[in-house]
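Engineer: Pasting a structure below so you can have a look.
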Amino acid sequence: MAALFQGTSMPDRDWWSALWPDPEGLLQQVGIRRGMSVLDLCCGDGYFTGPLAALVDGRLAALDLDPAMIDLAKAEVERRGASVRQWICADAASLAERLFELVDFVLIANTFHGVPDQIGLARSVREVLRPNGVFCIINWHPVPREDTVILGKPRGPRTEMRMPPESVRAVVEAAGFHMLRIVDLPPYHYAAVFQVA
């Protein structure tokens, strides 16, 4: 089994919910709408998977490398009375071979900074998107880790791993996308939103 991406781990649920108490609102803010089909890439424990499944009426696939995270995400979806079309326990780099159907939107949150082959992953994402499909990357702002305090402690990846929007743009556009917009997600994040070129 492949290792987790560098510098990524599932945060404690308490500080995740303190950081983003309204995950549904955040999903809508980055452009996810009813009727879309979505891939939750590197879904973790399902903090976004549950609200996503409800928002898109189950037109959702969720991928994670860790089977324990998939189990937690399934429980979160069930808790919300929602459903997911396809659960995928695999390395994110293999998603094109694993996904049953093309999607309108791919979301990856708090993981892209640790991906060893970022252009390769972006190319894999492009392969699973429909024409005019959207790729959204939620990242920490490139500020010192000691300045991103949640529930009294510094959180997030090491300072040197944080990617400014310009760096994300350079990587993802090299894989065949163009940037649509940057969405500020206070207090410490932004979403870089791209469309298939």
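Identifiers for the structure tokens are assigned positionally: chains receive A, B, ... in sequence, residues are indexed from 1 per chain, and ligands are indexed from 1 in the order shown.
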Please identify every residue of region 86-168 of chain A that has at least one atom no farther than 6 Å from an atom of region 39-46 of chain A, counting only C-alpha atoms, and for each give the shortest atom pair and the distance in Å to one decimal, arranged by chain then increasing number, as a tab-separated table.

Structural biologist:
residue	atom	partner	partner_atom	distance
A:Val106	CA	A:Leu39	CA	4.7
A:Leu107	CA	A:Asp40	CA	5.2
A:Ile108	CA	A:Leu41	CA	5.1

Engineer: Can you check which residues of chain A DSSP gives as strand (DSSP E or B) on the backbone and send them as a ChimeraX atom specification?

Structural biologist: /A:38-41,60-64,86-89,103-109,129-140,149-150,153-154,177-185,189-196

Engineer: Please provide the set of residues having any atom within 6 Å of region 136-151 of chain A, restricted to only C-alpha atoms, with same-chain residues fewer than 3 positions apart removed, written as a VMD selection string.

Structural biologist: chain A and resid 107 to 110 154 to 155 159 162 to 164 188 to 193

Engineer: Suppose we keep all heavy atoms; can you now write the selection as a tab-separated table (two decimals), in the first residue's frame?

Structural biologist:
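Below is the file that was written, part-v9.tsv:
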chain	number	residue	atom	x	y	z
A	107	LEU	N	-13.18	17.71	-5.80
A	107	LEU	CA	-12.76	18.48	-4.64
A	107	LEU	C	-11.64	17.75	-3.93
A	107	LEU	O	-11.74	16.55	-3.66
A	107	LEU	CB	-13.94	18.65	-3.68
A	107	LEU	CG	-13.61	19.29	-2.32
A	107	LEU	CD1	-13.31	20.78	-2.49
A	107	LEU	CD2	-14.76	19.09	-1.34
A	108	ILE	N	-10.57	18.48	-3.61
A	108	ILE	CA	-9.51	17.95	-2.74
A	108	ILE	C	-9.21	19.03	-1.70
A	108	ILE	O	-8.93	20.18	-2.05
A	108	ILE	CB	-8.25	17.52	-3.53
A	108	ILE	CG1	-7.24	16.84	-2.61
A	108	ILE	CG2	-7.64	18.67	-4.30
A	108	ILE	CD1	-6.08	16.16	-3.34
A	109	ALA	N	-9.31	18.64	-0.43
A	109	ALA	CA	-9.15	19.63	0.65
A	109	ALA	C	-7.97	19.27	1.55
A	109	ALA	O	-7.87	18.15	2.04
A	109	ALA	CB	-10.44	19.69	1.49
A	110	ASN	N	-7.09	20.23	1.74
A	110	ASN	CA	-5.99	20.13	2.70
A	110	ASN	C	-5.04	18.97	2.45
A	110	ASN	O	-4.48	18.41	3.38
A	110	ASN	CB	-6.56	20.02	4.13
A	110	ASN	CG	-7.33	21.24	4.52
A	110	ASN	OD1	-6.90	22.35	4.26
A	110	ASN	ND2	-8.48	21.05	5.11
A	154	PRO	N	-1.22	25.73	17.26
A	154	PRO	CA	-0.93	25.88	15.82
A	154	PRO	C	-1.34	24.61	15.07
A	154	PRO	O	-1.10	23.50	15.54
A	154	PRO	CB	0.59	26.06	15.78
A	154	PRO	CG	0.99	26.44	17.16
A	154	PRO	CD	-0.01	25.80	18.07
A	155	ARG	N	-1.98	24.78	13.92
A	155	ARG	CA	-2.48	23.64	13.15
A	155	ARG	C	-2.05	23.75	11.69
A	155	ARG	O	-1.65	24.79	11.22
A	155	ARG	CB	-4.02	23.60	13.20
A	155	ARG	CG	-4.62	23.69	14.58
A	155	ARG	CD	-4.41	22.45	15.41
A	155	ARG	NE	-5.09	22.59	16.69
A	155	ARG	CZ	-5.30	21.61	17.54
A	155	ARG	NH1	-4.89	20.40	17.27
A	155	ARG	NH2	-5.92	21.83	18.68
A	159	THR	N	5.13	25.18	7.73
A	159	THR	CA	5.12	26.45	7.00
A	159	THR	C	5.69	26.29	5.59
A	159	THR	O	5.11	26.78	4.61
A	159	THR	CB	5.92	27.51	7.77
A	159	THR	OG1	5.36	27.65	9.08
A	159	THR	CG2	5.92	28.85	7.05
A	162	ARG	N	3.34	24.94	2.71
A	162	ARG	CA	2.15	25.67	2.29
A	162	ARG	C	2.36	26.34	0.94
A	162	ARG	O	3.42	26.90	0.67
A	162	ARG	CB	1.77	26.69	3.36
A	162	ARG	CG	1.49	26.00	4.68
A	162	ARG	CD	1.09	26.95	5.77
A	162	ARG	NE	0.90	26.21	7.02
A	162	ARG	CZ	0.05	26.57	7.96
A	162	ARG	NH1	-0.67	27.66	7.81
A	162	ARG	NH2	-0.06	25.85	9.06
A	163	MET	N	1.35	26.25	0.10
A	163	MET	CA	1.49	26.72	-1.29
A	163	MET	C	0.67	27.99	-1.53
A	163	MET	O	-0.54	27.99	-1.30
A	163	MET	CB	0.98	25.64	-2.25
A	163	MET	CG	1.76	24.35	-2.22
A	163	MET	SD	1.06	23.11	-3.34
A	163	MET	CE	1.52	23.83	-4.94
A	164	PRO	N	1.31	29.03	-2.02
A	164	PRO	CA	0.52	30.20	-2.41
A	164	PRO	C	-0.32	29.87	-3.65
A	164	PRO	O	0.00	28.95	-4.41
A	164	PRO	CB	1.58	31.26	-2.73
A	164	PRO	CG	2.82	30.49	-3.03
A	164	PRO	CD	2.74	29.21	-2.24
A	188	TYR	N	-8.12	30.69	7.55
A	188	TYR	CA	-6.76	30.35	7.14
A	188	TYR	C	-6.64	29.71	5.76
A	188	TYR	O	-5.55	29.28	5.40
A	188	TYR	CB	-6.13	29.39	8.16
A	188	TYR	CG	-6.12	29.90	9.58
A	188	TYR	CD1	-6.55	29.08	10.62
A	188	TYR	CD2	-5.68	31.19	9.89
A	188	TYR	CE1	-6.53	29.53	11.94
A	188	TYR	CE2	-5.67	31.64	11.20
A	188	TYR	CZ	-6.09	30.81	12.22
A	188	TYR	OH	-6.08	31.27	13.51
A	189	HIS	N	-7.70	29.57	5.02
A	189	HIS	CA	-7.67	28.82	3.77
A	189	HIS	C	-8.15	29.63	2.56
A	189	HIS	O	-8.77	30.67	2.70
A	189	HIS	CB	-8.57	27.57	3.88
A	189	HIS	CG	-8.02	26.52	4.77
A	189	HIS	ND1	-8.01	26.62	6.14
A	189	HIS	CD2	-7.47	25.31	4.49
A	189	HIS	CE1	-7.48	25.54	6.67
A	189	HIS	NE2	-7.13	24.72	5.69
A	190	TYR	N	-7.85	29.07	1.40
A	190	TYR	CA	-8.40	29.56	0.15
A	190	TYR	C	-8.75	28.35	-0.70
A	190	TYR	O	-8.23	27.24	-0.50
A	190	TYR	CB	-7.40	30.47	-0.60
A	190	TYR	CG	-6.16	29.74	-1.07
A	190	TYR	CD1	-6.10	29.17	-2.34
A	190	TYR	CD2	-5.03	29.61	-0.25
A	190	TYR	CE1	-4.96	28.48	-2.76
A	190	TYR	CE2	-3.90	28.93	-0.66
A	190	TYR	CZ	-3.87	28.37	-1.92
A	190	TYR	OH	-2.75	27.68	-2.34
A	191	ALA	N	-9.61	28.57	-1.66
A	191	ALA	CA	-9.92	27.54	-2.66
A	191	ALA	C	-9.46	28.06	-4.01
A	191	ALA	O	-9.82	29.17	-4.41
A	191	ALA	CB	-11.41	27.23	-2.69
A	192	ALA	N	-8.65	27.27	-4.70
A	192	ALA	CA	-8.25	27.56	-6.09
A	192	ALA	C	-9.16	26.74	-6.99
A	192	ALA	O	-9.17	25.50	-6.90
A	192	ALA	CB	-6.79	27.21	-6.31
A	193	VAL	N	-9.94	27.41	-7.82
A	193	VAL	CA	-10.97	26.75	-8.62
A	193	VAL	C	-10.56	26.82	-10.08
A	193	VAL	O	-10.34	27.90	-10.62
A	193	VAL	CB	-12.35	27.40	-8.40
A	193	VAL	CG1	-13.43	26.64	-9.17
A	193	VAL	CG2	-12.69	27.43	-6.91

Engineer: Contacts of Glu97 (chain A) at 12 Å or less, counting only C-alpha atoms, minus same-chain residues fewer than 4 places along, as number ranges by chain?

Structural biologist: A: 88, 90-93, 101-102, 124-125, 127-128

Engineer: Given only C-alpha atoms as the basis, pick out the residue of A:Gln29, A:Phe48, A:Glu24, A:Pro157 nearest to Ile182 (chain A).

Structural biologist: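 For Ile182 (chain A), the nearest of the given residues is A:Gln29.
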
Engineer: Measuring between only C-alpha atoms, which one of A:Glu76, A:Asp104, A:Asp66, A:Asp71 shows the shortest distance to Ile32 (chain A)?

Structural biologist: A:Asp104

Engineer: Write out as number ranges by chain which residues come within 10 Å of Ala197 (chain A) when counting only C-alpha atoms, dropping same-chain ones fewer than 2 positions away.

Structural biologist: A: 126, 131-134, 173, 175-179, 194-195

Engineer: Which one of A:Leu19, A:Val196, A:Ile70, A:Leu60 sits closest to Ala122 (chain A) if you count only C-alpha atoms?

Structural biologist: A:Val196

Engineer: What is the CA of Gly120 (chain A) to CA of Trp16 (chain A) distance in Å?

Structural biologist: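 Spanning CA of Gly120 (chain A) to CA of Trp16 (chain A) is a straight-line distance of 28.2 Å.
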
Engineer: When you count only C-alpha atoms, which of these residues is closest to Ala73 (chain A): A:Pro21, A:Gly152, A:Pro51, A:Gly35?

Structural biologist: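 Residue with the minimum atom-to-atom distance to Ala73 (chain A): A:Pro51.
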
Engineer: Which of these, A:Ala82, A:Leu52, A:Leu65, A:Tyr47, has the shortest distance to Gln28 (chain A) once you count only C-alpha atoms?

Structural biologist: A:Leu52

Engineer: Could you check which of A:Leu99, A:Ala53, A:Leu185, A:Leu63 is closest to Val77 (chain A), using only C-alpha atoms?

Structural biologist: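 Among the listed residues, A:Ala53 lies closest to Val77 (chain A).
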